[in-house]
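First comes the structure, then the notes that go with it.
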Amino acid sequence: MTTIGLTLGPVLFNWNADRLTDFYARVADEVDVDRVHVGEVVCGKRMPFTDKVWPAVIERLQAAGKEVVLSTLALPYNPRERQSVRDICDMGVLTEINDVTALPALSGRPFLVGPFVNVYNEGAARFLAMRGGVGICAPVELPLASVTTIAGLCPDVAFELFAFGRLPLALSGRCYHARIHGLHKDSCQFICDRDPDGLAVDTLDGQKFLAVNGIQTMSHGVTAFCPTAEEARAAGLARLRLSPHTFDMTAVAATFRRRLAGAIDRAEAHAALKALGLPGELVDGFTRGVAGSALAESA
Amino acid sequence: MELVCPAGTPAALRAAVDAGADSVYCGFRNETNARNFPGLNFSDAEMAEGVAYAHAHGARVLVAINTFAKAGAMKSWADALAVADQAGADAVILADLAVLDHAARHHPRLKLHLSVQAAAATPEAIKFYADTFGVRRVVMPRVLSVEEIAKLNAAIDVETEAFVFGGLCPMTEGRCALSSYATGKSPNLTGVCSPPEHVAYSNDRDSTATRLNGFTIDRFGRDEAAGYPTLCKGRFVAGGKTSYLFEDPVSLNAASLIAALSKAGVTALKIEGRQRGKGYVAEVVKTFRAAVEAVEAGRDEVEVGRLLAGLVEGGRQTSGAYKKTWR
């Protein structure tokens, strides 16, 4: 029986070069994941600061036996951002596309499809598979039952679920971090770096609701889908994605491994995750086909 | 310039055609279109009648089949394409790779437009849709400035259509799961945003709270009219500040930019509002018809602004992402 892979998704937040270097050194040495995505996905304005760290990070991760994937921008539009997508596709490393912009540049080579590409059905999955898509991380709002249906009809594609972290919910042309600080996107002062796990957004009645990360809006809650390997396989999944945060990702990966192996039950996995000082409650509604903000069921 | 106008009902379609619409867009009464609200949209027979009416009066019908097909249930979307084709629709507006692929293979007569829900914002993405499916027109994502649209038009061979009036999403459309995070329903999943069955208005303390599945979206004083709780137009608290974080409760009005959009190479101007009644549609279409004619005749913006003054009373408006300062 095939094992369920653990993927460390790309860092969605504005972490500076030193933080990224330190983080990935730790990932190489101690985080028990088999695949690691690197690269800037959210905001092209951050790229000049972080581009320089990637060659050494990739080398370090590969030396540690990790499979490295380059993730592309989810919303490229200026010439520099579009060029970066082409450059990444030409680097000879497995690429995850997060926008259709990358498809022509890949010209038939194998690639992965990220959660920002709208794959809601088997037709879209087959279409991408025909062009070289070998793995698909489902859009975050797609119910697990739909992923299972698609996976059953597309046996040649490895399906992945966004299983842990604040959920990336929306992208905008507008930067909300800049807006909160009275700035415009074009002169943002890269102020999103003040909130390395996102900035909490509460309702007027104090309900914990969302979080902003530059042009991205995320969930306040932290999604946690913690199946055993058997449950994951039955659902048609090949991999689970863990999304990087500032708290102890070594412990997150270890918890998911133990749960996949059936060594702990779901309630124990949730308790272990909650003990890490998460920025929000555990949620899992999307996987159940209900509101994504619904609290995770431990039973 | 072509004026593309909304029709949520057969009556609105006739009103739009009569008021001078070059094209009318509408959808079927199911989850295949992104305005899947109760009491709206067209049956198969109404679609055929609508197309016949429009064609008899020299107007075109564009059928929006612009949601993402449900896994294992492609049939509704395939049926919608077949009915639109049979009804004689001039084009279909699509977003999903699966629906585009199906249309390109099985309905070669249908002209394909790429919906704003596909969020194609680069020459590479647009060329991909054009080369792969034969897409002939792209609706511009509402995150681009006029300057960016001009550059994009210079780099592509297909027509572009730009929203100029009506509801405004501050998020990139087709990439937004805020509504499903709060309620379980969203544009991509079910063709709705901030769905009415999850809306509640409650009077507590000295104000009225508007809520979406329990989440407070805004509060209004006793003497204020409580607006509909569209999630991204609410007031929230972040970084110690209370604000309309994502967007003020404004609607889009780019009437002052008609000439600029024309110069940027835009083929068609689109009015949002399939949820609006026929009276509203008739007035907006008539006004925009006059504005477009004024621009094409080289008359100045002041006059265009005066033409539209009647539409803007009460509501606050923005030109949105078309001006870079919006960001």
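Note on naming: chains are A, B, ... as they come in the structure tokens, residues start from 1 per chain, ligands start from 1 in the order shown.
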| Residue contacts of Ala104 of chain B (8 Å, only C-alpha atoms) excluding same-chain residues fewer than 3 positions away, as a list in words | Leu100, Asp101, His107, Pro108, Phe133 and Gly134 of chain B
| request: Give as a VMD selection string every residue of chain B that touches chain A within 8 Å, counting only C-alpha atoms. | output: chain B and resid 68 to 72 74 96 to 99 101 120 to 125 128 143 to 144 170 to 172 174 to 178 180 to 185 189 215 to 219 235 to 239 241 to 242 245 to 246 321 325 to 327
Resulting file, chosen residues, C-alpha atoms, as a compact mmCIF listing (two decimals), in the first residue's frame:
# COMPACT_ATOMS: atom_id res chain seq x y z
CA PHE B 68 -17.48 25.68 -11.87
CA ALA B 69 -19.13 22.35 -12.64
CA LYS B 70 -19.73 20.14 -9.62
CA ALA B 71 -17.57 17.01 -9.36
CA GLY B 72 -19.35 14.02 -10.88
CA MET B 74 -21.10 17.78 -15.28
CA ASP B 96 -14.38 26.47 -15.85
CA LEU B 97 -11.70 24.57 -17.81
CA ALA B 98 -14.07 21.58 -18.02
CA VAL B 99 -16.97 23.66 -19.39
CA ASP B 101 -13.29 22.17 -23.05
CA ALA B 120 -7.31 35.84 -16.65
CA ALA B 121 -5.12 38.92 -16.14
CA THR B 122 -2.01 38.23 -18.23
CA PRO B 123 -1.32 37.91 -21.98
CA GLU B 124 -0.07 34.37 -21.34
CA ALA B 125 -3.29 33.27 -19.65
CA PHE B 128 -3.79 30.09 -23.55
CA VAL B 143 -8.08 44.25 -10.33
CA LEU B 144 -6.55 45.92 -13.40
CA PRO B 170 -12.75 44.06 -4.21
CA MET B 171 -11.43 40.48 -4.39
CA THR B 172 -10.23 38.79 -7.56
CA GLY B 174 -13.24 33.35 -9.14
CA ARG B 175 -10.52 33.28 -6.46
CA CYS B 176 -12.63 34.10 -3.42
CA ALA B 177 -13.80 31.67 -0.75
CA LEU B 178 -14.82 34.24 1.87
CA SER B 180 -18.05 29.75 1.80
CA TYR B 181 -15.80 30.23 4.84
CA ALA B 182 -18.68 32.06 6.55
CA THR B 183 -21.66 30.16 5.15
CA GLY B 184 -20.63 27.08 3.12
CA LYS B 185 -21.85 28.69 -0.11
CA LEU B 189 -19.29 26.34 -5.36
CA PHE B 215 -20.82 36.67 11.91
CA THR B 216 -21.51 40.36 12.40
CA ILE B 217 -20.84 42.16 9.13
CA ASP B 218 -21.92 45.67 10.15
CA ARG B 219 -23.93 47.69 12.67
CA ARG B 235 -16.89 46.84 8.96
CA PHE B 236 -14.25 44.90 10.83
CA VAL B 237 -11.60 45.43 13.47
CA ALA B 238 -7.95 44.86 12.54
CA GLY B 239 -4.77 46.27 14.03
CA LYS B 241 -8.79 50.02 13.96
CA THR B 242 -12.42 49.68 12.95
CA LEU B 245 -11.35 46.94 5.70
CA PHE B 246 -11.89 45.40 2.27
CA ALA B 321 -9.15 49.36 -9.56
CA THR B 325 -4.79 54.77 -6.08
CA TRP B 326 -7.60 52.28 -5.23
CA ARG B 327 -4.96 49.70 -4.31
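Rounded to one decimal, atom CA of Leu114 of chain B and atom CA of Ala254 of chain B lie 21.2 Å from each other.
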| query | Near Asp204 of chain B, within 12 Å and counting only C-alpha atoms, which residues show up once chain neighbours fewer than 4 positions away are dropped, as a ChimeraX atom specification? | reply | /A:205 /B:208-210,219-222
| task | Identify, on the basis of only C-alpha atoms, every residue whose closest approach to Pro38 of chain B does not exceed 10 Å; exclude the query and any residue fewer than 3 positions from it along the same chain; express the result as a ChimeraX atom specification. | result | /B:29-30,35,41,196,275
| How many Å lie between atom CA of Thr287 of chain A and atom CA of Ile93 of chain B, rounded to one decimal? |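 Between atom CA of Thr287 of chain A and atom CA of Ile93 of chain B the gap works out to 29.5 Å.
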| Could you pull the residues within 10 Å of Ala12 of chain B, counting only C-alpha atoms, minus those fewer than 2 positions along the same chain, as a list in words? |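 So, after excluding close chain neighbours, the residues are Cys5, Pro6, Ala7, Gly8, Thr9, Pro10, Arg14, Ala15, Ala16, Val17, Asp18, Val24, Cys26, Gly50, Arg274, Gln275, Arg276, Gly277, Lys278, Gly279, Tyr280, Val281 and Ala282 of chain B.
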Emit the selected residues as a short mmCIF file (atom, residue, chain, number, x, y, z; two decimals), in the first residue's frame, including N, CA and C atoms.
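Result file follows (again.cif):
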data_model
loop_
_atom_site.label_atom_id
_atom_site.label_comp_id
_atom_site.auth_asym_id
_atom_site.auth_seq_id
_atom_site.Cartn_x
_atom_site.Cartn_y
_atom_site.Cartn_z
N CYS B 5 -25.49 44.47 -21.28
CA CYS B 5 -26.40 44.82 -20.18
C CYS B 5 -26.98 43.58 -19.51
N PRO B 6 -27.30 43.70 -18.21
CA PRO B 6 -27.75 42.55 -17.45
C PRO B 6 -29.25 42.28 -17.57
N ALA B 7 -29.60 41.00 -17.52
CA ALA B 7 -31.02 40.64 -17.47
C ALA B 7 -31.19 39.44 -16.55
N GLY B 8 -31.81 39.68 -15.41
CA GLY B 8 -32.08 38.59 -14.47
C GLY B 8 -33.40 37.91 -14.77
N THR B 9 -34.24 38.57 -15.58
CA THR B 9 -35.56 38.03 -15.92
C THR B 9 -35.87 38.35 -17.38
N PRO B 10 -36.83 37.64 -17.98
CA PRO B 10 -37.23 37.97 -19.35
C PRO B 10 -37.70 39.42 -19.48
N ARG B 14 -36.12 42.30 -22.06
CA ARG B 14 -36.84 43.15 -23.01
C ARG B 14 -36.60 44.63 -22.72
N ALA B 15 -36.55 44.97 -21.41
CA ALA B 15 -36.31 46.37 -21.04
C ALA B 15 -34.93 46.82 -21.51
N ALA B 16 -33.93 45.95 -21.35
CA ALA B 16 -32.56 46.30 -21.74
C ALA B 16 -32.47 46.48 -23.26
N VAL B 17 -33.09 45.56 -23.99
CA VAL B 17 -33.07 45.65 -25.46
C VAL B 17 -33.76 46.94 -25.91
N ASP B 18 -34.93 47.21 -25.32
CA ASP B 18 -35.69 48.39 -25.70
C ASP B 18 -34.93 49.68 -25.37
N VAL B 24 -27.21 41.55 -24.37
CA VAL B 24 -27.77 41.30 -23.04
C VAL B 24 -27.17 39.99 -22.55
N CYS B 26 -27.44 36.86 -19.62
CA CYS B 26 -28.39 36.26 -18.69
C CYS B 26 -27.99 34.81 -18.46
N GLY B 50 -36.24 34.80 -25.21
CA GLY B 50 -35.40 35.99 -25.01
C GLY B 50 -34.47 36.22 -26.18
N ARG B 274 -27.69 41.67 -12.63
CA ARG B 274 -28.75 40.74 -13.02
C ARG B 274 -29.79 40.54 -11.93
N GLN B 275 -29.44 41.00 -10.70
CA GLN B 275 -30.41 40.89 -9.60
C GLN B 275 -31.36 42.09 -9.56
N ARG B 276 -31.16 43.07 -10.48
CA ARG B 276 -31.97 44.30 -10.46
C ARG B 276 -33.25 44.15 -11.29
N GLY B 277 -34.23 44.98 -10.94
CA GLY B 277 -35.52 44.97 -11.64
C GLY B 277 -35.43 45.64 -13.01
N LYS B 278 -36.52 45.47 -13.78
CA LYS B 278 -36.49 45.98 -15.16
C LYS B 278 -36.45 47.50 -15.21
N GLY B 279 -37.05 48.16 -14.24
CA GLY B 279 -37.05 49.63 -14.23
C GLY B 279 -35.63 50.17 -14.09
N TYR B 280 -34.89 49.60 -13.15
CA TYR B 280 -33.51 49.99 -12.93
C TYR B 280 -32.68 49.73 -14.17
N VAL B 281 -32.84 48.52 -14.73
CA VAL B 281 -32.06 48.14 -15.91
C VAL B 281 -32.33 49.12 -17.05
N ALA B 282 -33.60 49.43 -17.28
CA ALA B 282 -33.95 50.33 -18.38
C ALA B 282 -33.29 51.70 -18.19
#
| query | Can you tell me, as an MDAnalysis selection string, what residues are no more than 6 Å from Arg239 of chain A when counting only C-alpha atoms, ignoring any on the same chain fewer than 6 positions away? | reply | chainID A and resid 4:6 160
Same residues, all heavy atoms, saved as a PDB file, in the first residue's frame:
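What landed in part20.pdb:
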ATOM      1  N   ILE A   4       0.997   7.789   2.627  1.00  0.00           N
ATOM      2  CA  ILE A   4       0.478   9.139   2.386  1.00  0.00           C
ATOM      3  C   ILE A   4       1.626  10.128   2.578  1.00  0.00           C
ATOM      4  O   ILE A   4       2.276  10.142   3.626  1.00  0.00           O
ATOM      5  CB  ILE A   4      -0.675   9.456   3.362  1.00  0.00           C
ATOM      6  CG1 ILE A   4      -1.827   8.463   3.162  1.00  0.00           C
ATOM      7  CG2 ILE A   4      -1.160  10.894   3.178  1.00  0.00           C
ATOM      8  CD1 ILE A   4      -2.489   8.489   1.789  1.00  0.00           C
ATOM      9  N   GLY A   5       1.892  10.938   1.561  1.00  0.00           N
ATOM     10  CA  GLY A   5       2.984  11.905   1.643  1.00  0.00           C
ATOM     11  C   GLY A   5       2.602  13.128   2.468  1.00  0.00           C
ATOM     12  O   GLY A   5       1.422  13.484   2.563  1.00  0.00           O
ATOM     13  N   LEU A   6       3.606  13.745   3.066  1.00  0.00           N
ATOM     14  CA  LEU A   6       3.383  15.027   3.739  1.00  0.00           C
ATOM     15  C   LEU A   6       4.149  16.104   2.984  1.00  0.00           C
ATOM     16  O   LEU A   6       5.347  15.979   2.736  1.00  0.00           O
ATOM     17  CB  LEU A   6       3.857  14.979   5.195  1.00  0.00           C
ATOM     18  CG  LEU A   6       2.929  14.344   6.232  1.00  0.00           C
ATOM     19  CD1 LEU A   6       3.518  14.536   7.632  1.00  0.00           C
ATOM     20  CD2 LEU A   6       1.521  14.917   6.171  1.00  0.00           C
ATOM     21  N   GLU A 160      -3.948  16.088  -3.370  1.00  0.00           N
ATOM     22  CA  GLU A 160      -3.443  16.594  -2.096  1.00  0.00           C
ATOM     23  C   GLU A 160      -4.496  17.509  -1.490  1.00  0.00           C
ATOM     24  O   GLU A 160      -5.213  18.195  -2.218  1.00  0.00           O
ATOM     25  CB  GLU A 160      -2.150  17.369  -2.384  1.00  0.00           C
ATOM     26  CG  GLU A 160      -1.494  18.011  -1.189  1.00  0.00           C
ATOM     27  CD  GLU A 160      -0.097  18.551  -1.550  1.00  0.00           C
ATOM     28  OE1 GLU A 160       0.727  17.794  -2.124  1.00  0.00           O
ATOM     29  OE2 GLU A 160       0.164  19.719  -1.269  1.00  0.00           O
TER      30      GLU A 160
END
| query | How far is it from atom CA of Val157 of chain A to atom CA of Val42 of chain A, in Å with one decimal? | reply |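 Taking atom CA of Val157 of chain A and atom CA of Val42 of chain A, their separation equals 25.3 Å.
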| Sel. of alpha helix (DSSP H) residues, segment 22-70 of chain A, as a ChimeraX atom specification | /A:22-30,47-50,54-63
For the selection you just gave me, I'd like the residues written to a file as a compact mmCIF listing (two decimals), in the first residue's frame, keeping N, CA, C and O atoms.
# COMPACT_ATOMS: atom_id res chain seq x y z
N ASP A 22 16.65 30.49 8.09
CA ASP A 22 16.63 29.73 9.35
C ASP A 22 15.52 28.68 9.33
O ASP A 22 15.72 27.55 9.76
N PHE A 23 14.36 29.09 8.82
CA PHE A 23 13.22 28.17 8.80
C PHE A 23 13.54 26.94 7.96
O PHE A 23 13.34 25.81 8.40
N TYR A 24 14.06 27.15 6.75
CA TYR A 24 14.30 26.00 5.88
C TYR A 24 15.48 25.16 6.34
O TYR A 24 15.53 23.95 6.06
N ALA A 25 16.43 25.75 7.08
CA ALA A 25 17.51 24.94 7.67
C ALA A 25 16.89 23.95 8.65
O ALA A 25 17.24 22.76 8.69
N ARG A 26 15.92 24.46 9.42
CA ARG A 26 15.25 23.60 10.39
C ARG A 26 14.41 22.54 9.68
O ARG A 26 14.37 21.38 10.10
N VAL A 27 13.76 22.95 8.60
CA VAL A 27 12.96 21.99 7.83
C VAL A 27 13.86 20.87 7.32
O VAL A 27 13.54 19.68 7.43
N ALA A 28 15.03 21.27 6.78
CA ALA A 28 15.97 20.26 6.25
C ALA A 28 16.40 19.30 7.35
O ALA A 28 16.46 18.08 7.14
N ASP A 29 16.65 19.83 8.54
CA ASP A 29 17.21 19.01 9.62
C ASP A 29 16.18 18.20 10.39
O ASP A 29 16.46 17.09 10.80
N GLU A 30 14.98 18.78 10.60
CA GLU A 30 14.11 18.11 11.56
C GLU A 30 12.64 17.97 11.22
O GLU A 30 11.93 17.26 11.93
N MET A 47 9.22 39.64 -3.85
CA MET A 47 10.21 38.76 -4.47
C MET A 47 11.64 39.30 -4.48
O MET A 47 12.58 38.54 -4.24
N PRO A 48 11.86 40.61 -4.74
CA PRO A 48 13.24 41.09 -4.76
C PRO A 48 14.00 40.83 -3.45
O PRO A 48 15.22 40.72 -3.45
N PHE A 49 13.25 40.74 -2.34
CA PHE A 49 13.90 40.54 -1.04
C PHE A 49 14.22 39.07 -0.76
O PHE A 49 15.11 38.75 0.00
N THR A 50 13.44 38.19 -1.36
CA THR A 50 13.59 36.78 -1.00
C THR A 50 14.20 35.93 -2.11
O THR A 50 14.71 34.85 -1.85
N TRP A 54 16.70 31.54 -2.32
CA TRP A 54 16.20 30.23 -2.77
C TRP A 54 17.27 29.25 -3.24
O TRP A 54 17.18 28.06 -2.90
N PRO A 55 18.29 29.66 -4.03
CA PRO A 55 19.26 28.65 -4.48
C PRO A 55 19.88 27.86 -3.32
O PRO A 55 19.94 26.62 -3.37
N ALA A 56 20.30 28.57 -2.27
CA ALA A 56 20.92 27.88 -1.14
C ALA A 56 19.89 27.03 -0.38
O ALA A 56 20.20 25.91 0.07
N VAL A 57 18.67 27.56 -0.25
CA VAL A 57 17.61 26.81 0.44
C VAL A 57 17.31 25.50 -0.30
O VAL A 57 17.21 24.43 0.31
N ILE A 58 17.20 25.61 -1.62
CA ILE A 58 16.89 24.42 -2.42
C ILE A 58 17.99 23.37 -2.27
O ILE A 58 17.72 22.18 -2.06
N GLU A 59 19.24 23.84 -2.34
CA GLU A 59 20.37 22.91 -2.22
C GLU A 59 20.36 22.22 -0.86
O GLU A 59 20.54 21.00 -0.76
N ARG A 60 20.10 23.00 0.18
CA ARG A 60 20.09 22.47 1.54
C ARG A 60 18.98 21.42 1.69
O ARG A 60 19.19 20.35 2.27
N LEU A 61 17.80 21.74 1.17
CA LEU A 61 16.66 20.81 1.30
C LEU A 61 16.92 19.53 0.50
O LEU A 61 16.67 18.42 0.98
N GLN A 62 17.46 19.68 -0.71
CA GLN A 62 17.72 18.50 -1.54
C GLN A 62 18.79 17.62 -0.89
O GLN A 62 18.68 16.39 -0.90
N ALA A 63 19.81 18.27 -0.29
CA ALA A 63 20.87 17.51 0.37
C ALA A 63 20.31 16.71 1.54
O ALA A 63 20.83 15.64 1.89
| message | Please return, as a ChimeraX atom specification, all residues of segment 72-185 of chain B that DSSP assigns to strand (DSSP E or B) on the basis of the backbone. | response | /B:91-94,111-114,137-139,159-166,171
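Look at Ala253 of chain A: the protein and nucleic acid residues within 10 Å of it, using only C-alpha atoms and passing over chain neighbours fewer than 3 places away, are Leu6, Thr7, Leu8, Glu30, Val31, Asp32, Val33, Phe164, Arg241, Leu242, Asp248, Met249, Thr250, Phe256, Arg257, Arg258, Arg259 and Leu273 of chain A.
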